[in-house]
Amino acid sequence: MAANFWASTHYKQLQEQEEVDVVHSPDKERGVTLDEFKLIKMHMATYIWKLAQFVKVRQRVIATAVTYMRRVYARKSMTEYDPRLVAPACLYLASKAEESTVQARLLVFYIKKQYTDEKYRFEIKDILEMEMKILEALDYYLVVYHPYRPLSQLLQDAGMTDVTQLSWGLVNDTYKMDLILIYPPYMIALACIYIASVLKDKDTTAWLEELRVDMNVVKNISMEILEFYDNFRPITDDRINAVLNKLALKPQ
Amino acid sequence: MAQHNDHLQPKKVADRYLKRELLGEGTYGVVFKAIDTQTGHVVAIKKIRLGKQKEGVNFTALREIKLLKELKDPNIIELIDAFPHKGDLHLVFEYMESDLEAVIRDRNIVLSPADVKSYIQMTLKGLAICHKKWVLHRDMKPNNLLIGADGQLKLADFGLARIFGSPGRKFTHQVFARWYRAPELLFGTKQYGSGVDVWAAACIFAELLLRRPFLQGSSDIDQLGKIFAAFGTPKSSQWPDMVYLPDYVEYQFVSPPPLRSLFPMASDDALDLLMKMFTYDPKSRISAQQALEHRYFSSVPVPTKPSQLPRPPRKGDPVNFRHPDANLQEGPTVMSPPRKSRRIMVQHDAFEGINLNERQTTGENTGRNEAIPMSIDFSVFAGSRPPPRPTLNSADRSHLKRKLDLEFQHPEQE
């Protein structure tokens, strides 16, 4: 599939950073800042990942679910689309779209296990209703490409399979950002390889040159990833709840 | 069907579509005709029931949505729109007037070599796009190739297009699919590729030339027998991997009859392409894209323009109202499929099987046959043999049944 990314709807739907970094007006009216918007998305990506560990789905399903969630919030407000419900519903939809269905009742069960907070409680019918709303928000585009496959191929090609684990971990972390909405997955993979090679003191200059890709883009992505690590603070429940409470308020 | 009186008070679905008559009922919902008030086009809307399901949007439906959103092409059915309405998911498809099966079966239609070329070219174009996007169709057969008002042929039923079939199609589906199944599938291969679709397209190509299904096996074993009777039992030099396939069994060796004897009217180029598509070893079988580049498509005659292709009369055309009657009268002549004569070990049995049926039914059918203009392909047999495939097999029956289902609605609707 990788070779046909250029013909895919995923490619056609790539957005500019500025388009992704827009706090929708209902959220803005409730005082949500861009940083807080990003924080909630990051938290929900982690939430999806945690739920996925319980129901045991492949990494690909998690990545698709996070992408769906990010695509939803590129178009819809968190006021209208409660992130606490959107996250599990995205995992539910992604599990179907990636052909490893997870039962809704299992998700409901593990949500209760994960959060005692009543505001996270949802019934099966809530998940199913949100599934439909998500489908609509995604405009029914469900195919998502990920950096994992190009990553393995590129590492093989570069003869650097010894940094597989490191670069794979880096790719996982890119889903805490919106990179998947903005850049072609293989460019994200390249950036992760680039970072890994710098960390491990490997010279990849010649190999990268041969690939004839726009190195500026690779370096930009790499910078964004490094910046993300620099600015990373542990997400506390207090920070999250502060934002989620804002969403429940009347507009200011 | 009586309950579908919606046309009396046209309802707008989602403020955009004017709901018309029911077209059919599929495995996970109903299909109705509608007018898109934004474009004025006629569309087919598939309503996917979610009410009773505890697992949300139907898995198969979701797979189809996912694929069709990626596959936008003139030769692939278009998913125009999708929307939830009263809790159900609605999928909007372009409305297709007919399908290739109806064209092949309609004895009033004469298919010229240029027409055949056009139909198979559109089939291969749609297939090439699927394969380019790594989508295997896996269910290629004439009634999944729909034909639009502009004559364009489009691949459908990526699980959904069964909407155009009747409820009774399921059994036929099984039988029908077998006739288009590649030998590697019949030998139980677990890993297969786009070659399975190309084999099926070859069967469709042959069917266009012959105006009847080419290899009508009555079981998987019999299907392989039919294939080998036509092309000879494959030697391991032709298909080295064959003996390693899970369900491989050794077949008695038969040598193939001259291909020319099976397709007397086909051009040399047509036969050459056909043989490349019917190559045993899937690894050496021509791809859909390569097939499109074959000289058959660049040599004369030029493929007929889609808009000028012969098609069955549109549903609702005056002539069509006679069909239900005609069909009903044919009812008693329905014979079982040619399965009684299925034991095939020598070369031309497949075609003798047809003749057997012909003899059984000549009495009822002669009058009709005489009145009907022969197609190009039929004329070949006209000398010594009666036209092939005069009886109704199960595929015909399903087709007729579907047609009847549709026709019967018109008096109510209009």
# chains A, B, ... in the order shown; residues from 1 in each chain; ligands from 1

$ interface_residues --of "chain B" --to "chain A" --cutoff "8 Å" --atoms "only C-alpha atoms" --output "ChimeraX atom specification"
/B:54-57,59,62-63,65-67,69-70,82-84,89,132-134

$ write_last_selection --atoms "C-alpha atoms" --output "mmCIF file, in the first residue's frame"
data_model
loop_
_atom_site.group_PDB
_atom_site.id
_atom_site.type_symbol
_atom_site.label_atom_id
_atom_site.label_comp_id
_atom_site.auth_asym_id
_atom_site.auth_seq_id
_atom_site.Cartn_x
_atom_site.Cartn_y
_atom_site.Cartn_z
ATOM 1 C CA LYS B 54 -25.359 -3.936 19.083
ATOM 2 C CA GLU B 55 -22.229 -3.331 17.103
ATOM 3 C CA GLY B 56 -22.966 -0.091 15.350
ATOM 4 C CA VAL B 57 -22.229 0.384 11.686
ATOM 5 C CA PHE B 59 -18.676 -4.178 9.404
ATOM 6 C CA LEU B 62 -17.862 0.010 6.669
ATOM 7 C CA ARG B 63 -15.326 -1.898 4.580
ATOM 8 C CA ILE B 65 -17.339 2.724 2.449
ATOM 9 C CA LYS B 66 -13.639 2.687 3.206
ATOM 10 C CA LEU B 67 -12.742 1.191 -0.183
ATOM 11 C CA LYS B 69 -14.037 6.465 -0.852
ATOM 12 C CA GLU B 70 -10.552 5.646 -2.143
ATOM 13 C CA ALA B 82 -23.332 9.118 3.042
ATOM 14 C CA PHE B 83 -25.374 10.477 5.898
ATOM 15 C CA PRO B 84 -27.113 9.382 9.060
ATOM 16 C CA LEU B 89 -26.724 5.180 7.952
ATOM 17 C CA LYS B 132 -3.384 -0.118 -8.446
ATOM 18 C CA LYS B 133 -4.916 0.756 -5.095
ATOM 19 C CA TRP B 134 -4.392 -2.777 -3.813
#

$ select_by_dssp --residues "region 101-214 of chain B" --states "strand (DSSP E)" --output "ChimeraX atom specification"
/B:145-147,153-155

$ atom_distance --atom1 "CA of Trp49 (chain A)" --atom2 "CA of Glu64 (chain B)"
26.8 Å

$ select_by_dssp --residues "region 31-197 of chain A" --states "helix (DSSP H, G or I)" --output "VMD selection string"
chain A and resid 34 to 55 59 to 73 83 to 97 104 to 114 118 to 120 124 to 137 148 to 158 161 to 174 179 to 182 185 to 197

$ closest_residue --among "A:Tyr183, A:Tyr145, A:Tyr120, A:Trp168" --to "Glu16 (chain A)" --atoms "only C-alpha atoms"
A:Tyr183

$ atom_distance --atom1 "CA of Glu209 (chain A)" --atom2 "CA of Glu227 (chain A)"
24.6 Å

$ residues_around --residues "region 96-112 of chain B" --least-positions-apart "2" --cutoff "6 Å" --atoms "only C-alpha atoms" --output "ChimeraX atom specification"
/B:114-115,142-143,145-148,211,311-312,375

$ residues_around --residues "Leu226 (chain A)" --least-positions-apart "2" --cutoff "12 Å" --atoms "only C-alpha atoms" --output "mmCIF file with N, CA and C atoms, in the first residue's frame"
data_model
loop_
_atom_site.group_PDB
_atom_site.id
_atom_site.type_symbol
_atom_site.label_atom_id
_atom_site.label_comp_id
_atom_site.auth_asym_id
_atom_site.auth_seq_id
_atom_site.Cartn_x
_atom_site.Cartn_y
_atom_site.Cartn_z
ATOM 1 N N LEU A 170 10.130 6.402 18.696
ATOM 2 C CA LEU A 170 9.973 7.798 18.273
ATOM 3 C C LEU A 170 8.692 7.957 17.443
ATOM 4 N N ASP A 173 5.713 8.108 19.542
ATOM 5 C CA ASP A 173 5.560 9.401 20.202
ATOM 6 C C ASP A 173 5.045 10.491 19.267
ATOM 7 N N THR A 174 5.264 10.311 17.951
ATOM 8 C CA THR A 174 4.784 11.357 17.039
ATOM 9 C C THR A 174 3.261 11.461 17.077
ATOM 10 N N MET A 177 1.567 14.217 18.787
ATOM 11 C CA MET A 177 1.494 15.491 18.053
ATOM 12 C C MET A 177 0.538 15.322 16.871
ATOM 13 N N ALA A 191 12.216 11.283 9.465
ATOM 14 C CA ALA A 191 12.626 12.183 10.538
ATOM 15 C C ALA A 191 13.005 11.382 11.785
ATOM 16 N N CYS A 192 12.226 10.348 12.072
ATOM 17 C CA CYS A 192 12.519 9.518 13.247
ATOM 18 C C CYS A 192 13.852 8.770 13.061
ATOM 19 N N TYR A 194 16.279 9.815 11.215
ATOM 20 C CA TYR A 194 17.290 10.870 11.284
ATOM 21 C C TYR A 194 17.667 11.160 12.744
ATOM 22 N N ILE A 195 16.647 11.346 13.582
ATOM 23 C CA ILE A 195 16.900 11.606 15.001
ATOM 24 C C ILE A 195 17.645 10.431 15.635
ATOM 25 N N ALA A 196 17.162 9.217 15.334
ATOM 26 C CA ALA A 196 17.798 8.019 15.898
ATOM 27 C C ALA A 196 19.264 7.944 15.485
ATOM 28 N N VAL A 198 21.257 10.395 14.634
ATOM 29 C CA VAL A 198 22.049 11.425 15.309
ATOM 30 C C VAL A 198 22.337 10.996 16.751
ATOM 31 N N LEU A 199 21.295 10.463 17.400
ATOM 32 C CA LEU A 199 21.476 10.000 18.783
ATOM 33 C C LEU A 199 22.511 8.890 18.874
ATOM 34 N N LYS A 219 14.057 17.760 8.186
ATOM 35 C CA LYS A 219 14.634 18.487 9.320
ATOM 36 C C LYS A 219 13.571 19.255 10.103
ATOM 37 N N ASN A 220 12.612 19.824 9.396
ATOM 38 C CA ASN A 220 11.511 20.510 10.094
ATOM 39 C C ASN A 220 10.761 19.563 11.022
ATOM 40 N N ILE A 221 10.436 18.379 10.486
ATOM 41 C CA ILE A 221 9.707 17.410 11.310
ATOM 42 C C ILE A 221 10.569 17.035 12.513
ATOM 43 N N SER A 222 11.853 16.792 12.253
ATOM 44 C CA SER A 222 12.753 16.414 13.340
ATOM 45 C C SER A 222 12.779 17.494 14.417
ATOM 46 N N MET A 223 12.842 18.749 13.975
ATOM 47 C CA MET A 223 12.864 19.860 14.940
ATOM 48 C C MET A 223 11.585 19.866 15.785
ATOM 49 N N GLU A 224 10.469 19.628 15.115
ATOM 50 C CA GLU A 224 9.201 19.618 15.852
ATOM 51 C C GLU A 224 9.171 18.515 16.888
ATOM 52 N N PHE A 228 9.022 19.017 20.886
ATOM 53 C CA PHE A 228 7.991 18.353 21.682
ATOM 54 C C PHE A 228 8.611 17.725 22.938
ATOM 55 N N TYR A 229 9.734 17.029 22.745
ATOM 56 C CA TYR A 229 10.391 16.411 23.898
ATOM 57 C C TYR A 229 10.890 17.468 24.889
ATOM 58 N N ASP A 230 11.405 18.583 24.341
ATOM 59 C CA ASP A 230 11.908 19.661 25.203
ATOM 60 C C ASP A 230 10.809 20.213 26.097
ATOM 61 N N ASN A 231 9.632 20.438 25.489
ATOM 62 C CA ASN A 231 8.561 21.110 26.214
ATOM 63 C C ASN A 231 7.683 20.172 27.019
ATOM 64 N N PHE A 232 7.992 18.886 26.932
ATOM 65 C CA PHE A 232 7.077 17.935 27.530
ATOM 66 C C PHE A 232 7.062 18.024 29.054
#

$ atom_distance --atom1 "CA of Leu127 (chain B)" --atom2 "CA of Ile204 (chain B)"
12.6 Å

$ closest_residue --among "A:Met44, A:Glu18, A:Phe54, A:Asn216" --to "Asp237 (chain A)" --atoms "only C-alpha atoms"
A:Met44

$ decode --residues "region 164-295 of chain B" --atoms "C-alpha atoms" --output "JSON list (two decimals), in the first residue's frame"
[["chain", "number", "residue", "atom", "x", "y", "z"],
["B", 164, "PHE", "CA", -29.14, -4.45, -6.98],
["B", 165, "GLY", "CA", -29.90, -8.13, -6.61],
["B", 166, "SER", "CA", -33.00, -9.89, -5.48],
["B", 167, "PRO", "CA", -33.33, -11.54, -2.09],
["B", 168, "GLY", "CA", -33.19, -14.93, -3.78],
["B", 169, "ARG", "CA", -29.76, -14.31, -5.16],
["B", 170, "LYS", "CA", -27.80, -15.96, -2.47],
["B", 171, "PHE", "CA", -27.81, -19.50, -3.78],
["B", 172, "THR", "CA", -27.07, -18.33, -7.28],
["B", 173, "HIS", "CA", -24.31, -16.25, -5.93],
["B", 174, "GLN", "CA", -22.54, -19.37, -4.77],
["B", 175, "VAL", "CA", -22.92, -21.20, -8.05],
["B", 176, "PHE", "CA", -22.23, -18.16, -10.10],
["B", 177, "ALA", "CA", -19.11, -17.19, -8.30],
["B", 178, "ARG", "CA", -17.66, -20.63, -8.89],
["B", 179, "TRP", "CA", -17.78, -20.20, -12.65],
["B", 180, "TYR", "CA", -15.43, -17.24, -12.30],
["B", 181, "ARG", "CA", -13.09, -18.80, -9.78],
["B", 182, "ALA", "CA", -9.42, -19.07, -10.70],
["B", 183, "PRO", "CA", -7.77, -22.50, -10.58],
["B", 184, "GLU", "CA", -5.50, -21.51, -7.69],
["B", 185, "LEU", "CA", -8.59, -20.72, -5.60],
["B", 186, "LEU", "CA", -10.17, -24.03, -6.55],
["B", 187, "PHE", "CA", -6.97, -25.72, -5.39],
["B", 188, "GLY", "CA", -7.42, -23.99, -2.05],
["B", 189, "THR", "CA", -4.63, -21.42, -2.16],
["B", 190, "LYS", "CA", -4.51, -19.22, 0.92],
["B", 191, "GLN", "CA", -2.38, -16.56, -0.65],
["B", 192, "TYR", "CA", -3.63, -15.12, -3.82],
["B", 193, "GLY", "CA", -3.35, -11.84, -5.60],
["B", 194, "SER", "CA", -4.86, -9.73, -8.31],
["B", 195, "GLY", "CA", -4.59, -12.69, -10.69],
["B", 196, "VAL", "CA", -7.87, -14.08, -9.33],
["B", 197, "ASP", "CA", -9.70, -11.01, -10.62],
["B", 198, "VAL", "CA", -7.97, -11.26, -13.99],
["B", 199, "TRP", "CA", -9.06, -14.90, -14.35],
["B", 200, "ALA", "CA", -12.64, -13.87, -13.58],
["B", 201, "ALA", "CA", -12.36, -11.04, -16.12],
["B", 202, "ALA", "CA", -11.20, -13.62, -18.66],
["B", 203, "CYS", "CA", -14.34, -15.67, -17.91],
["B", 204, "ILE", "CA", -16.41, -12.54, -18.48],
["B", 205, "PHE", "CA", -14.53, -11.85, -21.72],
["B", 206, "ALA", "CA", -15.29, -15.40, -22.87],
["B", 207, "GLU", "CA", -18.91, -14.97, -21.83],
["B", 208, "LEU", "CA", -19.21, -11.82, -23.92],
["B", 209, "LEU", "CA", -17.86, -13.72, -26.91],
["B", 210, "LEU", "CA", -20.05, -16.79, -26.38],
["B", 211, "ARG", "CA", -23.12, -15.13, -24.88],
["B", 212, "ARG", "CA", -23.28, -17.75, -22.15],
["B", 213, "PRO", "CA", -21.15, -18.54, -19.10],
["B", 214, "PHE", "CA", -18.01, -20.19, -20.39],
["B", 215, "LEU", "CA", -17.02, -22.65, -17.68],
["B", 216, "GLN", "CA", -20.12, -23.80, -15.84],
["B", 217, "GLY", "CA", -18.89, -26.18, -13.19],
["B", 218, "SER", "CA", -21.42, -27.72, -10.83],
["B", 219, "SER", "CA", -18.93, -28.26, -8.01],
["B", 220, "ASP", "CA", -15.41, -27.11, -7.32],
["B", 221, "ILE", "CA", -14.04, -30.40, -8.63],
["B", 222, "ASP", "CA", -16.22, -30.17, -11.70],
["B", 223, "GLN", "CA", -15.17, -26.54, -12.21],
["B", 224, "LEU", "CA", -11.53, -27.61, -12.44],
["B", 225, "GLY", "CA", -12.61, -30.38, -14.82],
["B", 226, "LYS", "CA", -14.29, -27.79, -17.05],
["B", 227, "ILE", "CA", -11.23, -25.57, -16.96],
["B", 228, "PHE", "CA", -8.91, -28.44, -17.85],
["B", 229, "ALA", "CA", -11.26, -29.64, -20.57],
["B", 230, "ALA", "CA", -10.98, -26.23, -22.18],
["B", 231, "PHE", "CA", -7.28, -25.51, -21.72],
["B", 232, "GLY", "CA", -5.78, -28.94, -21.02],
["B", 233, "THR", "CA", -4.57, -30.27, -17.68],
["B", 234, "PRO", "CA", -1.73, -28.00, -16.57],
["B", 235, "LYS", "CA", 1.74, -29.52, -16.66],
["B", 236, "SER", "CA", 4.08, -28.71, -13.80],
["B", 237, "SER", "CA", 6.28, -26.84, -16.28],
["B", 238, "GLN", "CA", 3.33, -24.54, -16.94],
["B", 239, "TRP", "CA", 2.56, -24.03, -13.28],
["B", 240, "PRO", "CA", 5.36, -25.18, -10.98],
["B", 241, "ASP", "CA", 3.65, -24.21, -7.71],
["B", 242, "MET", "CA", 0.44, -26.08, -8.48],
["B", 243, "VAL", "CA", 1.37, -29.36, -6.79],
["B", 244, "TYR", "CA", 2.07, -27.54, -3.52],
["B", 245, "LEU", "CA", -1.40, -26.02, -3.24],
["B", 246, "PRO", "CA", -3.43, -27.23, -0.22],
["B", 247, "ASP", "CA", -6.26, -28.90, -2.10],
["B", 248, "TYR", "CA", -4.24, -30.07, -5.07],
["B", 249, "VAL", "CA", -5.43, -33.33, -6.58],
["B", 250, "GLU", "CA", -4.11, -34.92, -9.67],
["B", 251, "TYR", "CA", -6.41, -34.79, -12.65],
["B", 252, "GLN", "CA", -6.46, -37.18, -15.54],
["B", 253, "PHE", "CA", -4.45, -35.63, -18.30],
["B", 254, "VAL", "CA", -6.41, -34.11, -21.14],
["B", 255, "SER", "CA", -4.92, -32.15, -23.97],
["B", 256, "PRO", "CA", -6.64, -28.93, -24.91],
["B", 257, "PRO", "CA", -8.81, -28.59, -28.00],
["B", 258, "PRO", "CA", -7.68, -25.88, -30.38],
["B", 259, "LEU", "CA", -8.72, -22.60, -28.77],
["B", 260, "ARG", "CA", -10.09, -21.50, -32.09],
["B", 261, "SER", "CA", -12.68, -24.26, -31.88],
["B", 262, "LEU", "CA", -14.02, -22.81, -28.63],
["B", 263, "PHE", "CA", -14.19, -19.22, -29.91],
["B", 264, "PRO", "CA", -14.67, -19.54, -33.65],
["B", 265, "MET", "CA", -15.55, -15.92, -34.23],
["B", 266, "ALA", "CA", -12.96, -14.22, -32.04],
["B", 267, "SER", "CA", -10.10, -12.37, -33.69],
["B", 268, "ASP", "CA", -6.51, -13.58, -33.30],
["B", 269, "ASP", "CA", -5.77, -10.64, -31.03],
["B", 270, "ALA", "CA", -8.79, -11.40, -28.87],
["B", 271, "LEU", "CA", -7.72, -15.03, -28.53],
["B", 272, "ASP", "CA", -4.16, -14.06, -27.71],
["B", 273, "LEU", "CA", -5.30, -11.75, -24.92],
["B", 274, "LEU", "CA", -7.83, -14.28, -23.68],
["B", 275, "MET", "CA", -5.14, -16.94, -23.37],
["B", 276, "LYS", "CA", -2.84, -14.56, -21.51],
["B", 277, "MET", "CA", -5.65, -13.86, -19.05],
["B", 278, "PHE", "CA", -6.40, -17.58, -18.74],
["B", 279, "THR", "CA", -2.77, -18.43, -17.93],
["B", 280, "TYR", "CA", -2.66, -21.15, -15.28],
["B", 281, "ASP", "CA", 0.27, -19.89, -13.22],
["B", 282, "PRO", "CA", -0.96, -16.75, -11.45],
["B", 283, "LYS", "CA", 2.63, -15.48, -11.47],
["B", 284, "SER", "CA", 2.72, -15.51, -15.26],
["B", 285, "ARG", "CA", -0.89, -14.39, -15.76],
["B", 286, "ILE", "CA", -1.19, -11.01, -17.45],
["B", 287, "SER", "CA", -2.14, -8.10, -15.15],
["B", 288, "ALA", "CA", -5.20, -5.94, -15.75],
["B", 289, "GLN", "CA", -2.95, -3.03, -16.71],
["B", 290, "GLN", "CA", -0.87, -5.14, -19.12],
["B", 291, "ALA", "CA", -4.08, -6.49, -20.61],
["B", 292, "LEU", "CA", -5.20, -2.94, -21.37],
["B", 293, "GLU", "CA", -1.93, -2.37, -23.21],
["B", 294, "HIS", "CA", -2.42, -5.51, -25.31],
["B", 295, "ARG", "CA", -2.63, -4.95, -29.06]]
